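Participant: There's a structure below that I have some questions on.
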Amino acid sequence: MSSREVKRIVILTGAGISAESGIPTFRDKGGIWERYRLEEVATPEAFRKNPDLVHEFYNLRQRELLKVFPNAAHHALAELERKYPGGMLIVTQNVDDLHERAGSKNVIHMHGELLKVRCEKCGHIFRTEGEIFTSTVCPACNQKGGLRPHIVWFGEIPFHLEEIYRVLEICDLFVAIGTSGTVYPAAGFVEIARQAGAWCVELNLKPSAVADLFHEQHYGPATRVVPAFVQELLQSQKRKL
Ligand code: APR
């Protein structure tokens, strides 16, 4: 990797980057989808059928998020953004705010954000100040019964895809961190980056479902492999400058 001139970096993160902060992943042992049926809490049909259960699922995850902190992997990416001379974008599948709390500025949440709420009646999107219930009134239109988590559910279209594809098609380095590579369209980003001529790196606890599509892989806990990768990248770019 170090022999390559890198100008634009796209980093895709998944639940694995937040695991060591104490946020459970989805598909590992003890993960979220072992404890909840996604058909009951993470689809538009589930919300229509039982909005109170869906609100409680996201209220619980919000309560958990407020108790945890960014880890060394989040901080390493924030340092890379600060020190890196080229352009850098984090595209995260995560709905936590740990990248932002670590100091990252250029972050796209393609699956939405746990701390945001959307009103289906007036379209208002706002940062939640606490738990949301079907009885909660929208602060913009003062109507009840229209608020939902600002989260992309299964069967819905992820946010900002046009912008994501645009940057993937011009990036020189694509790094996927802590994602199982099982959910599209995110799992297909590596193919777009490869076709654009980018060097593709996977940083994960173990090989993902799309591991073979990457030019370079480093396996281990994100709090070890991400800081190591960032330092190596910064050193190699310093040698170029
Ligand atoms: N360090 C690095 N990687 C880790 C760690 C860790 N400490 N712990 C787990 N991982 C890896 C696992 O090996 C796995 O490959 O993180 C990945 C987590 O995979 P998933 O649980 O499937 O999470 P993710 O890939 O983010 O899921 C994608 O699926 O359910 C939807 O919307 C949800 O955004 C989510 C999407």
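By convention here, the chains of the structure tokens are called A, B, ... in the order presented, each chain's residues are numbered starting at 1, and ligands are numbered starting at 1 in the order presented.
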Please write out the residues within 9 Å of ligand 1 as a PyMOL selection string, counting only C-alpha atoms and all ligand atoms.

Facilitator: chain A and resi 13-21+24-28+31-33+38+42+73+92-95+110-112+151-154+177-184+186-187+203-209+219-226

Participant: Hey, what's within 9 Å of Leu65 in chain A if we count only C-alpha atoms and toss same-chain stuff fewer than 6 positions away? As JSON, numbers by chain, please?

Facilitator: {"A": [22, 23, 96, 97, 98, 114]}

Participant: Show which residues sit within 12 Å of range 165-172 of chain A, as number ranges by chain. Count only C-alpha atoms, and ignore same-chain residues fewer than 2 positions away.

Facilitator: A: 1, 4-12, 86-91, 108, 110, 159-163, 174-175, 185-186, 188-201

Participant: Just how far from CA of Leu115 in chain A is CA of Glu131 in chain A, in Å to one decimal?

Facilitator: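 Calculated distance between CA of Glu131 in chain A and CA of Leu115 in chain A is 9.5 Å.
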
Participant: Among range 23-152 of chain A, which residues does DSSP mark as strand (DSSP E or B) when it is run on the backbone? Keep the chain and numbering as in the structure and answer as a count of residues only.

Facilitator: 27

Participant: With only C-alpha atoms as the counted atoms, please give the residues lying no more than 8 Å from His99 in chain A, apart from itself and same-chain residues fewer than 2 positions off, as a ChimeraX atom specification.

Facilitator: /A:70,74-75,78,96-97,101-104,107

Participant: Restricting the output to all heavy atoms, write the selected residues as a PDB file, in the first residue's frame.

Facilitator:
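Contents of the output file out-v2.pdb:
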ATOM      1  N   PRO A  70     -16.482   6.736  22.322  1.00  0.00           N
ATOM      2  CA  PRO A  70     -15.676   6.302  21.169  1.00  0.00           C
ATOM      3  C   PRO A  70     -14.457   5.515  21.646  1.00  0.00           C
ATOM      4  O   PRO A  70     -13.977   5.711  22.766  1.00  0.00           O
ATOM      5  CB  PRO A  70     -15.239   7.622  20.525  1.00  0.00           C
ATOM      6  CG  PRO A  70     -16.154   8.678  21.064  1.00  0.00           C
ATOM      7  CD  PRO A  70     -16.588   8.220  22.408  1.00  0.00           C
ATOM      8  N   HIS A  74     -12.165   4.764  16.496  1.00  0.00           N
ATOM      9  CA  HIS A  74     -12.853   6.017  16.121  1.00  0.00           C
ATOM     10  C   HIS A  74     -11.875   7.191  16.185  1.00  0.00           C
ATOM     11  O   HIS A  74     -11.829   8.044  15.296  1.00  0.00           O
ATOM     12  CB  HIS A  74     -14.017   6.309  17.083  1.00  0.00           C
ATOM     13  CG  HIS A  74     -15.119   5.285  17.092  1.00  0.00           C
ATOM     14  ND1 HIS A  74     -15.269   4.369  18.097  1.00  0.00           N
ATOM     15  CD2 HIS A  74     -16.123   5.044  16.211  1.00  0.00           C
ATOM     16  CE1 HIS A  74     -16.321   3.605  17.849  1.00  0.00           C
ATOM     17  NE2 HIS A  74     -16.855   3.987  16.716  1.00  0.00           N
ATOM     18  N   HIS A  75     -11.072   7.217  17.239  1.00  0.00           N
ATOM     19  CA  HIS A  75     -10.128   8.342  17.408  1.00  0.00           C
ATOM     20  C   HIS A  75      -9.048   8.322  16.327  1.00  0.00           C
ATOM     21  O   HIS A  75      -8.637   9.383  15.832  1.00  0.00           O
ATOM     22  CB  HIS A  75      -9.491   8.292  18.810  1.00  0.00           C
ATOM     23  CG  HIS A  75     -10.439   8.699  19.904  1.00  0.00           C
ATOM     24  ND1 HIS A  75     -10.971   9.976  20.000  1.00  0.00           N
ATOM     25  CD2 HIS A  75     -10.981   7.985  20.927  1.00  0.00           C
ATOM     26  CE1 HIS A  75     -11.795  10.032  21.042  1.00  0.00           C
ATOM     27  NE2 HIS A  75     -11.824   8.851  21.618  1.00  0.00           N
ATOM     28  N   ALA A  78     -10.465   9.885  13.273  1.00  0.00           N
ATOM     29  CA  ALA A  78     -10.581  11.352  13.428  1.00  0.00           C
ATOM     30  C   ALA A  78      -9.203  11.995  13.254  1.00  0.00           C
ATOM     31  O   ALA A  78      -9.061  13.041  12.618  1.00  0.00           O
ATOM     32  CB  ALA A  78     -11.171  11.676  14.798  1.00  0.00           C
ATOM     33  N   ASP A  96     -24.882   4.956  15.523  1.00  0.00           N
ATOM     34  CA  ASP A  96     -24.370   5.650  16.712  1.00  0.00           C
ATOM     35  C   ASP A  96     -23.644   6.921  16.279  1.00  0.00           C
ATOM     36  O   ASP A  96     -23.363   7.113  15.093  1.00  0.00           O
ATOM     37  CB  ASP A  96     -23.449   4.703  17.528  1.00  0.00           C
ATOM     38  CG  ASP A  96     -22.182   4.290  16.777  1.00  0.00           C
ATOM     39  OD1 ASP A  96     -21.444   5.191  16.323  1.00  0.00           O
ATOM     40  OD2 ASP A  96     -21.937   3.087  16.624  1.00  0.00           O
ATOM     41  N   ASP A  97     -23.288   7.752  17.284  1.00  0.00           N
ATOM     42  CA  ASP A  97     -22.615   9.036  16.954  1.00  0.00           C
ATOM     43  C   ASP A  97     -21.154   9.009  17.409  1.00  0.00           C
ATOM     44  O   ASP A  97     -20.551  10.057  17.683  1.00  0.00           O
ATOM     45  CB  ASP A  97     -23.353  10.210  17.615  1.00  0.00           C
ATOM     46  CG  ASP A  97     -23.331  10.129  19.150  1.00  0.00           C
ATOM     47  OD1 ASP A  97     -23.109   9.017  19.698  1.00  0.00           O
ATOM     48  OD2 ASP A  97     -23.517  11.181  19.795  1.00  0.00           O
ATOM     49  N   ARG A 101     -18.380  11.963  17.934  1.00  0.00           N
ATOM     50  CA  ARG A 101     -17.878  12.260  19.287  1.00  0.00           C
ATOM     51  C   ARG A 101     -16.356  12.096  19.359  1.00  0.00           C
ATOM     52  O   ARG A 101     -15.695  12.697  20.205  1.00  0.00           O
ATOM     53  CB  ARG A 101     -18.552  11.339  20.319  1.00  0.00           C
ATOM     54  CG  ARG A 101     -19.949  11.831  20.716  1.00  0.00           C
ATOM     55  CD  ARG A 101     -20.314  11.274  22.058  1.00  0.00           C
ATOM     56  NE  ARG A 101     -21.236  10.146  21.936  1.00  0.00           N
ATOM     57  CZ  ARG A 101     -21.337   9.177  22.848  1.00  0.00           C
ATOM     58  NH1 ARG A 101     -20.567   9.183  23.923  1.00  0.00           N
ATOM     59  NH2 ARG A 101     -22.192   8.196  22.689  1.00  0.00           N
ATOM     60  N   ALA A 102     -15.782  11.317  18.439  1.00  0.00           N
ATOM     61  CA  ALA A 102     -14.310  11.177  18.407  1.00  0.00           C
ATOM     62  C   ALA A 102     -13.684  12.361  17.668  1.00  0.00           C
ATOM     63  O   ALA A 102     -12.455  12.530  17.693  1.00  0.00           O
ATOM     64  CB  ALA A 102     -13.923   9.873  17.724  1.00  0.00           C
ATOM     65  N   GLY A 103     -14.520  13.169  16.972  1.00  0.00           N
ATOM     66  CA  GLY A 103     -14.008  14.350  16.285  1.00  0.00           C
ATOM     67  C   GLY A 103     -14.072  14.296  14.773  1.00  0.00           C
ATOM     68  O   GLY A 103     -13.691  15.247  14.092  1.00  0.00           O
ATOM     69  N   SER A 104     -14.562  13.178  14.198  1.00  0.00           N
ATOM     70  CA  SER A 104     -14.682  13.116  12.734  1.00  0.00           C
ATOM     71  C   SER A 104     -15.752  14.110  12.275  1.00  0.00           C
ATOM     72  O   SER A 104     -16.824  14.219  12.884  1.00  0.00           O
ATOM     73  CB  SER A 104     -15.047  11.694  12.284  1.00  0.00           C
ATOM     74  OG  SER A 104     -13.953  10.826  12.470  1.00  0.00           O
ATOM     75  N   VAL A 107     -18.788  12.797   7.819  1.00  0.00           N
ATOM     76  CA  VAL A 107     -19.386  11.479   8.093  1.00  0.00           C
ATOM     77  C   VAL A 107     -20.763  11.409   7.428  1.00  0.00           C
ATOM     78  O   VAL A 107     -21.571  12.338   7.564  1.00  0.00           O
ATOM     79  CB  VAL A 107     -19.562  11.238   9.609  1.00  0.00           C
ATOM     80  CG1 VAL A 107     -20.154   9.862   9.886  1.00  0.00           C
ATOM     81  CG2 VAL A 107     -18.222  11.401  10.347  1.00  0.00           C
TER      82      VAL A 107
END

Participant: Quick check for you: according to DSSP on this backbone, which residues of range 79-192 of chain A are classed as alpha helix (DSSP H)? Reply as a ChimeraX atom specification.

Facilitator: /A:79-83,98-102,161-168,189-192

Participant: I need the residue nearest His124 in chain A from this list: A:His218, A:Arg37, A:Arg148, A:Lys83. Use only C-alpha atoms for the distance.

Facilitator: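 Under the stated criterion, the closest residue is A:Arg148.
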